[in-house]
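Q: Just final21.cif, nothing more (mmCIF, C-alpha atoms, pLDDT in the B column; chains and numbers go by the auth columns):
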data_coords
loop_
_atom_site.group_PDB
_atom_site.id
_atom_site.type_symbol
_atom_site.label_atom_id
_atom_site.label_comp_id
_atom_site.label_asym_id
_atom_site.label_seq_id
_atom_site.Cartn_x
_atom_site.Cartn_y
_atom_site.Cartn_z
_atom_site.B_iso_or_equiv
_atom_site.auth_seq_id
_atom_site.auth_asym_id
ATOM 1 C CA ASP A 1 -30.025 -27.173 10.394 63.00 457 K
ATOM 2 C CA THR A 2 -31.825 -30.116 8.849 69.00 458 K
ATOM 3 C CA ALA A 3 -34.869 -28.975 6.861 93.00 459 K
ATOM 4 C CA VAL A 4 -36.780 -32.267 6.757 97.00 460 K
ATOM 5 C CA SER A 5 -35.725 -34.936 9.211 96.00 461 K
ATOM 6 C CA GLN A 6 -36.900 -38.511 9.683 97.00 462 K
ATOM 7 C CA THR A 7 -36.404 -41.047 12.427 97.00 463 K
ATOM 8 C CA PRO A 8 -35.269 -43.711 12.427 97.00 464 K
ATOM 9 C CA LYS A 9 -32.926 -43.873 9.436 96.00 465 K
ATOM 10 C CA TYR A 10 -32.946 -47.674 9.480 97.00 466 K
ATOM 11 C CA LEU A 11 -35.650 -49.980 10.773 97.00 467 K
ATOM 12 C CA VAL A 12 -35.381 -53.758 10.782 98.00 468 K
ATOM 13 C CA THR A 13 -38.348 -55.680 12.113 97.00 469 K
ATOM 14 C CA GLN A 14 -40.211 -58.947 11.804 97.00 470 K
ATOM 15 C CA MET A 15 -43.407 -59.682 9.924 97.00 471 K
ATOM 16 C CA GLY A 16 -46.526 -58.951 11.904 97.00 472 K
ATOM 17 C CA ASN A 17 -44.999 -56.189 14.028 98.00 473 K
ATOM 18 C CA ASP A 18 -46.276 -52.603 14.220 98.00 474 K
ATOM 19 C CA LYS A 19 -43.845 -49.740 13.675 98.00 475 K
ATOM 20 C CA SER A 20 -43.850 -45.962 13.296 98.00 476 K
ATOM 21 C CA ILE A 21 -41.694 -43.535 11.338 98.00 477 K
ATOM 22 C CA LYS A 22 -41.537 -39.906 12.372 98.00 478 K
ATOM 23 C CA CYS A 23 -41.018 -36.832 10.226 97.00 479 K
ATOM 24 C CA GLU A 24 -40.442 -33.220 11.148 97.00 480 K
ATOM 25 C CA GLN A 25 -39.844 -30.137 9.006 97.00 481 K
ATOM 26 C CA ASN A 26 -38.547 -26.777 10.206 96.00 482 K
ATOM 27 C CA LEU A 27 -39.246 -24.898 6.976 95.00 483 K
ATOM 28 C CA GLY A 28 -42.609 -23.545 8.045 94.00 484 K
ATOM 29 C CA HIS A 29 -44.292 -25.404 5.186 94.00 485 K
ATOM 30 C CA ASP A 30 -48.027 -26.133 5.138 92.00 486 K
ATOM 31 C CA THR A 31 -47.955 -29.425 3.230 94.00 487 K
ATOM 32 C CA MET A 32 -46.235 -32.705 4.030 95.00 488 K
ATOM 33 C CA TYR A 33 -46.025 -35.992 2.148 95.00 489 K
ATOM 34 C CA TRP A 34 -45.085 -39.633 2.493 96.00 490 K
ATOM 35 C CA TYR A 35 -43.532 -41.463 -0.460 97.00 491 K
ATOM 36 C CA LYS A 36 -42.487 -45.082 -0.872 97.00 492 K
ATOM 37 C CA GLN A 37 -39.414 -45.956 -2.964 97.00 493 K
ATOM 38 C CA ASP A 38 -39.197 -49.618 -3.891 94.00 494 K
ATOM 39 C CA SER A 39 -36.136 -51.715 -4.693 92.00 495 K
ATOM 40 C CA LYS A 40 -36.210 -50.509 -8.310 91.00 496 K
ATOM 41 C CA LYS A 41 -36.088 -46.919 -7.039 92.00 497 K
ATOM 42 C CA PHE A 42 -39.628 -46.177 -8.183 94.00 498 K
ATOM 43 C CA LEU A 43 -41.071 -43.289 -6.132 95.00 499 K
ATOM 44 C CA LYS A 44 -44.781 -43.292 -5.386 94.00 500 K
ATOM 45 C CA ILE A 45 -46.878 -40.873 -3.356 94.00 501 K
ATOM 46 C CA MET A 46 -48.763 -42.429 -0.448 95.00 502 K
ATOM 47 C CA PHE A 47 -50.274 -39.561 1.538 93.00 503 K
ATOM 48 C CA SER A 48 -50.277 -35.804 1.772 92.00 504 K
ATOM 49 C CA TYR A 49 -51.458 -33.442 4.486 91.00 505 K
ATOM 50 C CA ASN A 50 -52.108 -29.735 4.166 90.00 506 K
ATOM 51 C CA ASN A 51 -52.474 -27.873 7.449 86.00 507 K
ATOM 52 C CA LYS A 52 -53.111 -31.183 9.221 83.00 508 K
ATOM 53 C CA GLU A 53 -55.842 -32.123 6.744 88.00 509 K
ATOM 54 C CA LEU A 54 -55.481 -35.230 4.560 90.00 510 K
ATOM 55 C CA ILE A 55 -55.557 -34.183 0.894 88.00 511 K
ATOM 56 C CA ILE A 56 -53.970 -37.156 -0.871 87.00 512 K
ATOM 57 C CA ASN A 57 -54.682 -40.742 0.054 87.00 513 K
ATOM 58 C CA GLU A 58 -53.467 -43.090 -2.634 87.00 514 K
ATOM 59 C CA THR A 59 -54.324 -46.744 -2.935 79.00 515 K
ATOM 60 C CA VAL A 60 -52.434 -47.840 0.135 87.00 516 K
ATOM 61 C CA PRO A 61 -53.376 -50.754 2.428 90.00 517 K
ATOM 62 C CA ASN A 62 -55.239 -49.510 5.475 91.00 518 K
ATOM 63 C CA ARG A 63 -52.439 -51.008 7.589 96.00 519 K
ATOM 64 C CA PHE A 64 -50.726 -47.691 6.831 96.00 520 K
ATOM 65 C CA SER A 65 -52.048 -44.757 8.837 94.00 521 K
ATOM 66 C CA PRO A 66 -50.577 -41.263 8.713 94.00 522 K
ATOM 67 C CA LYS A 67 -50.989 -38.832 11.574 93.00 523 K
ATOM 68 C CA SER A 68 -50.272 -35.122 11.596 93.00 524 K
ATOM 69 C CA PRO A 69 -50.290 -33.711 15.132 92.00 525 K
ATOM 70 C CA ASP A 70 -49.322 -30.271 13.797 92.00 526 K
ATOM 71 C CA LYS A 71 -48.132 -28.631 10.576 91.00 527 K
ATOM 72 C CA ALA A 72 -44.496 -29.460 11.277 95.00 528 K
ATOM 73 C CA HIS A 73 -44.933 -33.183 11.877 96.00 529 K
ATOM 74 C CA LEU A 74 -46.252 -36.090 9.865 96.00 530 K
ATOM 75 C CA ASN A 75 -45.850 -39.589 11.223 96.00 531 K
ATOM 76 C CA LEU A 76 -46.493 -42.898 9.515 97.00 532 K
ATOM 77 C CA HIS A 77 -47.711 -45.896 11.469 97.00 533 K
ATOM 78 C CA ILE A 78 -47.695 -49.333 9.893 97.00 534 K
ATOM 79 C CA ASN A 79 -49.587 -52.260 11.395 97.00 535 K
ATOM 80 C CA SER A 80 -49.006 -55.964 10.789 97.00 536 K
ATOM 81 C CA LEU A 81 -45.889 -55.451 8.689 97.00 537 K
ATOM 82 C CA GLU A 82 -45.453 -57.643 5.611 97.00 538 K
ATOM 83 C CA LEU A 83 -42.373 -58.554 3.560 97.00 539 K
ATOM 84 C CA GLY A 84 -43.634 -56.367 0.709 95.00 540 K
ATOM 85 C CA ASP A 85 -43.502 -53.306 2.961 96.00 541 K
ATOM 86 C CA SER A 86 -39.707 -53.383 2.766 97.00 542 K
ATOM 87 C CA ALA A 87 -38.697 -50.159 1.023 97.00 543 K
ATOM 88 C CA VAL A 88 -37.302 -46.713 1.656 98.00 544 K
ATOM 89 C CA TYR A 89 -39.921 -44.284 2.924 98.00 545 K
ATOM 90 C CA PHE A 90 -39.410 -40.595 2.275 98.00 546 K
ATOM 91 C CA CYS A 91 -41.102 -37.690 3.935 97.00 547 K
ATOM 92 C CA ALA A 92 -41.298 -34.398 2.039 96.00 548 K
ATOM 93 C CA SER A 93 -42.749 -30.938 2.548 96.00 549 K
ATOM 94 C CA SER A 94 -43.742 -27.956 0.423 93.00 550 K
ATOM 95 C CA GLN A 95 -44.917 -24.424 1.115 90.00 551 K
ATOM 96 C CA GLU A 96 -48.210 -25.001 -0.675 80.00 552 K
ATOM 97 C CA SER A 97 -49.950 -28.124 -1.932 73.00 553 K
ATOM 98 C CA PHE A 98 -48.590 -27.165 -5.361 74.00 554 K
ATOM 99 C CA GLY A 99 -44.923 -26.339 -5.182 80.00 555 K
ATOM 100 C CA GLU A 100 -41.347 -27.350 -4.664 89.00 556 K
ATOM 101 C CA GLN A 101 -41.059 -30.411 -2.482 93.00 557 K
ATOM 102 C CA TYR A 102 -38.156 -30.897 -0.112 95.00 558 K
ATOM 103 C CA PHE A 103 -37.363 -34.484 0.779 96.00 559 K
ATOM 104 C CA GLY A 104 -36.036 -35.965 3.977 97.00 560 K
ATOM 105 C CA PRO A 105 -33.108 -38.441 4.055 96.00 561 K
ATOM 106 C CA GLY A 106 -35.381 -41.486 4.041 97.00 562 K
ATOM 107 C CA THR A 107 -36.078 -44.415 6.351 98.00 563 K
ATOM 108 C CA ARG A 108 -34.979 -47.814 5.092 98.00 564 K
ATOM 109 C CA LEU A 109 -37.499 -50.365 6.373 98.00 565 K
ATOM 110 C CA THR A 110 -36.567 -54.031 6.195 98.00 566 K
ATOM 111 C CA VAL A 111 -39.171 -56.609 7.138 98.00 567 K
ATOM 112 C CA THR A 112 -37.834 -60.108 7.798 97.00 568 K
ATOM 113 C CA GLY B 1 -54.164 -40.622 -13.260 80.00 940 O
ATOM 114 C CA GLU B 2 -50.904 -39.235 -14.521 87.00 941 O
ATOM 115 C CA ASN B 3 -48.414 -41.612 -16.134 93.00 942 O
ATOM 116 C CA VAL B 4 -44.825 -40.455 -16.588 97.00 943 O
ATOM 117 C CA GLU B 5 -42.348 -42.317 -18.758 97.00 944 O
ATOM 118 C CA GLN B 6 -38.634 -41.565 -18.549 98.00 945 O
ATOM 119 C CA HIS B 7 -35.800 -42.509 -20.924 97.00 946 O
ATOM 120 C CA PRO B 8 -33.138 -43.704 -20.906 98.00 947 O
ATOM 121 C CA SER B 9 -32.974 -45.803 -17.754 97.00 948 O
ATOM 122 C CA THR B 10 -29.177 -45.599 -17.732 98.00 949 O
ATOM 123 C CA LEU B 11 -26.843 -43.080 -19.294 98.00 950 O
ATOM 124 C CA SER B 12 -23.045 -43.109 -19.376 98.00 951 O
ATOM 125 C CA VAL B 13 -21.234 -40.015 -20.612 98.00 952 O
ATOM 126 C CA GLN B 14 -17.659 -38.843 -20.813 98.00 953 O
ATOM 127 C CA GLU B 15 -16.765 -35.994 -18.516 98.00 954 O
ATOM 128 C CA GLY B 16 -17.333 -32.719 -20.329 97.00 955 O
ATOM 129 C CA ASP B 17 -20.002 -34.126 -22.632 97.00 956 O
ATOM 130 C CA SER B 18 -23.712 -33.342 -22.427 98.00 957 O
ATOM 131 C CA ALA B 19 -26.429 -35.560 -20.983 98.00 958 O
ATOM 132 C CA VAL B 20 -30.090 -35.493 -22.023 98.00 959 O
ATOM 133 C CA ILE B 21 -32.970 -37.219 -20.265 98.00 960 O
ATOM 134 C CA LYS B 22 -36.465 -37.245 -21.744 98.00 961 O
ATOM 135 C CA CYS B 23 -39.871 -37.671 -20.147 98.00 962 O
ATOM 136 C CA THR B 24 -43.399 -37.904 -21.465 98.00 963 O
ATOM 137 C CA TYR B 25 -46.609 -37.493 -19.491 97.00 964 O
ATOM 138 C CA SER B 26 -50.219 -38.395 -20.136 96.00 965 O
ATOM 139 C CA ASP B 27 -52.417 -35.906 -18.235 94.00 966 O
ATOM 140 C CA SER B 28 -52.832 -32.597 -20.057 92.00 967 O
ATOM 141 C CA ALA B 29 -53.923 -31.024 -16.752 91.00 968 O
ATOM 142 C CA SER B 30 -50.393 -31.375 -15.347 93.00 969 O
ATOM 143 C CA ASN B 31 -48.753 -27.979 -15.067 92.00 970 O
ATOM 144 C CA TYR B 32 -45.706 -28.470 -12.857 94.00 971 O
ATOM 145 C CA PHE B 33 -42.614 -30.400 -13.980 96.00 972 O
ATOM 146 C CA PRO B 34 -39.730 -30.734 -11.500 96.00 973 O
ATOM 147 C CA TRP B 35 -36.490 -32.669 -11.836 98.00 974 O
ATOM 148 C CA TYR B 36 -34.829 -34.332 -8.871 98.00 975 O
ATOM 149 C CA LYS B 37 -31.334 -35.672 -8.340 98.00 976 O
ATOM 150 C CA GLN B 38 -30.847 -38.545 -5.893 98.00 977 O
ATOM 151 C CA GLU B 39 -27.407 -39.496 -4.680 96.00 978 O
ATOM 152 C CA LEU B 40 -26.732 -42.842 -3.052 94.00 979 O
ATOM 153 C CA GLY B 41 -28.278 -43.104 0.407 92.00 980 O
ATOM 154 C CA LYS B 42 -29.918 -39.676 0.233 94.00 981 O
ATOM 155 C CA GLY B 43 -33.313 -38.222 -0.464 96.00 982 O
ATOM 156 C CA PRO B 44 -34.209 -36.698 -3.841 97.00 983 O
ATOM 157 C CA GLN B 45 -33.103 -33.093 -4.233 96.00 984 O
ATOM 158 C CA LEU B 46 -34.855 -30.621 -6.503 95.00 985 O
ATOM 159 C CA ILE B 47 -32.440 -29.324 -9.149 97.00 986 O
ATOM 160 C CA ILE B 48 -34.732 -27.447 -11.509 97.00 987 O
ATOM 161 C CA ASP B 49 -38.425 -27.129 -12.270 95.00 988 O
ATOM 162 C CA ILE B 50 -40.638 -25.613 -14.917 94.00 989 O
ATOM 163 C CA ARG B 51 -44.273 -24.617 -15.035 91.00 990 O
ATOM 164 C CA SER B 52 -46.602 -24.923 -17.986 84.00 991 O
ATOM 165 C CA ASN B 53 -46.508 -21.247 -18.911 82.00 992 O
ATOM 166 C CA VAL B 54 -42.772 -21.477 -19.693 81.00 993 O
ATOM 167 C CA GLY B 55 -41.098 -23.392 -22.528 90.00 994 O
ATOM 168 C CA GLU B 56 -37.521 -23.392 -21.302 94.00 995 O
ATOM 169 C CA LYS B 57 -35.579 -22.644 -18.139 94.00 996 O
ATOM 170 C CA LYS B 58 -31.850 -22.628 -17.504 96.00 997 O
ATOM 171 C CA ASP B 59 -29.730 -22.636 -14.368 94.00 998 O
ATOM 172 C CA GLN B 60 -25.982 -22.676 -15.040 96.00 999 O
ATOM 173 C CA ARG B 61 -25.187 -26.094 -16.604 97.00 1000 O
ATOM 174 C CA ILE B 62 -28.740 -27.393 -16.276 98.00 1001 O
ATOM 175 C CA ALA B 63 -31.680 -26.625 -18.556 98.00 1002 O
ATOM 176 C CA VAL B 64 -35.185 -27.966 -18.911 98.00 1003 O
ATOM 177 C CA THR B 65 -37.469 -27.712 -21.923 97.00 1004 O
ATOM 178 C CA LEU B 66 -41.198 -28.325 -22.039 96.00 1005 O
ATOM 179 C CA ASN B 67 -43.437 -29.062 -25.008 95.00 1006 O
ATOM 180 C CA LYS B 68 -47.011 -29.042 -23.703 93.00 1007 O
ATOM 181 C CA THR B 69 -48.527 -29.896 -27.062 93.00 1008 O
ATOM 182 C CA ALA B 70 -46.487 -33.057 -27.368 94.00 1009 O
ATOM 183 C CA LYS B 71 -46.592 -33.670 -23.597 95.00 1010 O
ATOM 184 C CA HIS B 72 -42.883 -34.111 -23.182 95.00 1011 O
ATOM 185 C CA PHE B 73 -40.104 -32.393 -21.272 97.00 1012 O
ATOM 186 C CA SER B 74 -36.360 -32.866 -21.134 98.00 1013 O
ATOM 187 C CA LEU B 75 -33.399 -32.251 -18.857 98.00 1014 O
ATOM 188 C CA HIS B 76 -30.124 -31.120 -20.372 98.00 1015 O
ATOM 189 C CA ILE B 77 -26.862 -31.155 -18.440 98.00 1016 O
ATOM 190 C CA THR B 78 -23.885 -29.581 -20.196 97.00 1017 O
ATOM 191 C CA GLU B 79 -20.173 -29.940 -19.379 98.00 1018 O
ATOM 192 C CA THR B 80 -20.857 -32.942 -17.167 98.00 1019 O
ATOM 193 C CA GLN B 81 -18.654 -33.519 -14.126 97.00 1020 O
ATOM 194 C CA PRO B 82 -18.119 -36.653 -12.000 96.00 1021 O
ATOM 195 C CA GLU B 83 -20.296 -35.148 -9.252 96.00 1022 O
ATOM 196 C CA ASP B 84 -23.234 -35.164 -11.678 98.00 1023 O
ATOM 197 C CA SER B 85 -23.292 -38.973 -11.341 98.00 1024 O
ATOM 198 C CA ALA B 86 -26.595 -39.845 -9.633 98.00 1025 O
ATOM 199 C CA VAL B 87 -30.136 -41.024 -10.315 98.00 1026 O
ATOM 200 C CA TYR B 88 -32.325 -38.344 -11.903 98.00 1027 O
ATOM 201 C CA PHE B 89 -36.113 -38.329 -11.704 98.00 1028 O
ATOM 202 C CA CYS B 90 -38.611 -36.316 -13.669 98.00 1029 O
ATOM 203 C CA ALA B 91 -42.076 -35.694 -12.292 97.00 1030 O
ATOM 204 C CA ALA B 92 -45.323 -34.192 -13.526 96.00 1031 O
ATOM 205 C CA GLY B 93 -48.542 -33.075 -11.880 93.00 1032 O
ATOM 206 C CA ASP B 94 -50.071 -30.257 -9.937 86.00 1033 O
ATOM 207 C CA TYR B 95 -50.918 -30.783 -6.270 82.00 1034 O
ATOM 208 C CA LYS B 96 -49.901 -34.416 -6.709 89.00 1035 O
ATOM 209 C CA LEU B 97 -46.702 -35.475 -8.465 93.00 1036 O
ATOM 210 C CA SER B 98 -46.163 -38.647 -10.465 94.00 1037 O
ATOM 211 C CA PHE B 99 -42.535 -39.631 -10.918 96.00 1038 O
ATOM 212 C CA GLY B 100 -40.683 -41.252 -13.782 97.00 1039 O
ATOM 213 C CA ALA B 101 -38.765 -44.456 -13.142 97.00 1040 O
ATOM 214 C CA GLY B 102 -35.418 -42.669 -12.934 97.00 1041 O
ATOM 215 C CA THR B 103 -32.241 -42.436 -15.013 98.00 1042 O
ATOM 216 C CA THR B 104 -28.926 -43.573 -13.580 98.00 1043 O
ATOM 217 C CA VAL B 105 -26.305 -41.185 -14.930 98.00 1044 O
ATOM 218 C CA THR B 106 -22.630 -42.125 -14.778 98.00 1045 O
ATOM 219 C CA VAL B 107 -20.024 -39.554 -15.741 98.00 1046 O
ATOM 220 C CA ARG B 108 -16.744 -41.193 -16.749 96.00 1047 O
ATOM 221 C CA ALA B 109 -13.600 -39.294 -15.827 91.00 1048 O
#
Please rewrite the model in this file as C-alpha cells.

A:
Amino acid sequence: DTAVSQTPKYLVTQMGNDKSIKCEQNLGHDTMYWYKQDSKKFLKIMFSYNNKELIINETVPNRFSPKSPDKAHLNLHINSLELGDSAVYFCASSQESFGEQYFGPGTRLTVT
Amino acid sequence: GENVEQHPSTLSVQEGDSAVIKCTYSDSASNYFPWYKQELGKGPQLIIDIRSNVGEKKDQRIAVTLNKTAKHFSLHITETQPEDSAVYFCAAGDYKLSFGAGTTVTVRA
C-alpha cells in the first residue's frame, strides 16, 4: 500500500493555464506538506496543514493555493502557470507538526 | 529563518570505504535534524534522524552526530555499497524544516 500518493506523476502544460496536483496519505497523519524541488534539487517548504488548518505559508506567489478537504488529503492548485513554476512538487505527511516526514513520489510539472 | 549549509556537494567513494557529509545550521532554536536519501525519480526517504537532546545515533551502517554548541551535524556511512549511491539531504528545524542543498554520493564498485 502506498503511504503518500500524488497524482499526476507528470504534468506538462502551457503558460497561463491552471492546474491541480492531488495528494493523499493513508498513514493517519495529522500534518501534510507541499515542497518544491527545483532543477538544482533544492527542496523548499511551501505550505503545511495540521488537521486541515494552515500552519506554514512560506513566501509563495498567491497563484498557488493549497486546499485540505480532510486530514488525509492536501491538494495544490496553481493559477496562471509560469515557466518558473517548472519543478518537482512533493507532498509529505507527518504524525505531528514536529516529526518524521514521509514524502510522496513527486509530481514533475513542466510549463512550456 | 533557518539556513542550512551542506558539504560536500558531490562525494565519490570506493565500495567498502566510509562517506561523511557535514551540515551546519544557523538557528539555535532548531531541535530536530533528519537525513533523507533521494534516489533518482523518487521522493526523499528518511534514513535517520536525531533530536537536540542526543549527541549521536547509530542504525547499522549509518550514524549521525550532533554538536549543538557548534551548530553542526554529520552523517556517517560505513562500508559503503553501490546501493548507497543517491542524493542525501540534511535538514534542521522544529515544526518547519529547512533543507541543505544535497550531496550526490557515488559509490564506485

Q: Pull out every residue of chain O sitting within 12 Å of chain K, counting only C-alpha atoms, and send them as a PyMOL selection string.

A: chain O and resi 940-945+948+969-990+1026-1043

Q: Keeping C-alpha atoms, export the residues of the selection given above as a short mmCIF file (atom, residue, chain, number, x, y, z; two decimals), keeping the file's coordinate frame.

A:
data_model
loop_
_atom_site.label_atom_id
_atom_site.label_comp_id
_atom_site.auth_asym_id
_atom_site.auth_seq_id
_atom_site.Cartn_x
_atom_site.Cartn_y
_atom_site.Cartn_z
CA GLY O 940 -54.16 -40.62 -13.26
CA GLU O 941 -50.90 -39.24 -14.52
CA ASN O 942 -48.41 -41.61 -16.13
CA VAL O 943 -44.82 -40.46 -16.59
CA GLU O 944 -42.35 -42.32 -18.76
CA GLN O 945 -38.63 -41.56 -18.55
CA SER O 948 -32.97 -45.80 -17.75
CA SER O 969 -50.39 -31.38 -15.35
CA ASN O 970 -48.75 -27.98 -15.07
CA TYR O 971 -45.71 -28.47 -12.86
CA PHE O 972 -42.61 -30.40 -13.98
CA PRO O 973 -39.73 -30.73 -11.50
CA TRP O 974 -36.49 -32.67 -11.84
CA TYR O 975 -34.83 -34.33 -8.87
CA LYS O 976 -31.33 -35.67 -8.34
CA GLN O 977 -30.85 -38.54 -5.89
CA GLU O 978 -27.41 -39.50 -4.68
CA LEU O 979 -26.73 -42.84 -3.05
CA GLY O 980 -28.28 -43.10 0.41
CA LYS O 981 -29.92 -39.68 0.23
CA GLY O 982 -33.31 -38.22 -0.46
CA PRO O 983 -34.21 -36.70 -3.84
CA GLN O 984 -33.10 -33.09 -4.23
CA LEU O 985 -34.85 -30.62 -6.50
CA ILE O 986 -32.44 -29.32 -9.15
CA ILE O 987 -34.73 -27.45 -11.51
CA ASP O 988 -38.42 -27.13 -12.27
CA ILE O 989 -40.64 -25.61 -14.92
CA ARG O 990 -44.27 -24.62 -15.04
CA VAL O 1026 -30.14 -41.02 -10.32
CA TYR O 1027 -32.33 -38.34 -11.90
CA PHE O 1028 -36.11 -38.33 -11.70
CA CYS O 1029 -38.61 -36.32 -13.67
CA ALA O 1030 -42.08 -35.69 -12.29
CA ALA O 1031 -45.32 -34.19 -13.53
CA GLY O 1032 -48.54 -33.08 -11.88
CA ASP O 1033 -50.07 -30.26 -9.94
CA TYR O 1034 -50.92 -30.78 -6.27
CA LYS O 1035 -49.90 -34.42 -6.71
CA LEU O 1036 -46.70 -35.48 -8.46
CA SER O 1037 -46.16 -38.65 -10.46
CA PHE O 1038 -42.54 -39.63 -10.92
CA GLY O 1039 -40.68 -41.25 -13.78
CA ALA O 1040 -38.76 -44.46 -13.14
CA GLY O 1041 -35.42 -42.67 -12.93
CA THR O 1042 -32.24 -42.44 -15.01
CA THR O 1043 -28.93 -43.57 -13.58
#

Q: For the PyMOL selection byres ((chain K and resi 471) around 8), applied here, can you spell out every residue it catches as JSON, numbers by chain?

A: {"K": [469, 470, 472, 473, 536, 537, 538, 539, 567, 568]}

Q: Write out as a compact mmCIF listing (two decimals) with C-alpha atoms, in the coordinates of the input which residues come within 8 Å of Glu954 of chain O when counting all atoms listed in the file, dropping same-chain ones fewer than 6 positions away.

A:
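So the final result, stored in selection_16.txt, reads:
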# COMPACT_ATOMS: atom_id res chain seq x y z
CA GLU O 1018 -20.17 -29.94 -19.38
CA THR O 1019 -20.86 -32.94 -17.17
CA GLN O 1020 -18.65 -33.52 -14.13
CA PRO O 1021 -18.12 -36.65 -12.00
CA VAL O 1046 -20.02 -39.55 -15.74
CA ARG O 1047 -16.74 -41.19 -16.75
CA ALA O 1048 -13.60 -39.29 -15.83

Q: Given the PyMOL selection byres ((chain K and resi 510) around 12) and the file above, list the residues it selects as a ChimeraX atom specification.

A: /K:486-490,502-509,511-514,521-525,527,530,553

Q: Please determine, counting all atoms listed in the file, which residue among K:His529, K:Lys492, K:Arg519, K:Lys475 has the shortest atom-to-atom distance to Ala543 of chain K.

A: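 Between K:His529, K:Lys492, K:Arg519, K:Lys475, the residue approaching Ala543 of chain K most closely is K:Lys492.
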
Q: Please evaluate the PyMOL selection byres ((chain O and resi 1003) around 12) against the displayed coordinates and give the resulting residues as a PyMOL selection string.

A: chain O and resi 958-962+972-975+986-991+993-1002+1004-1006+1011-1017+1029
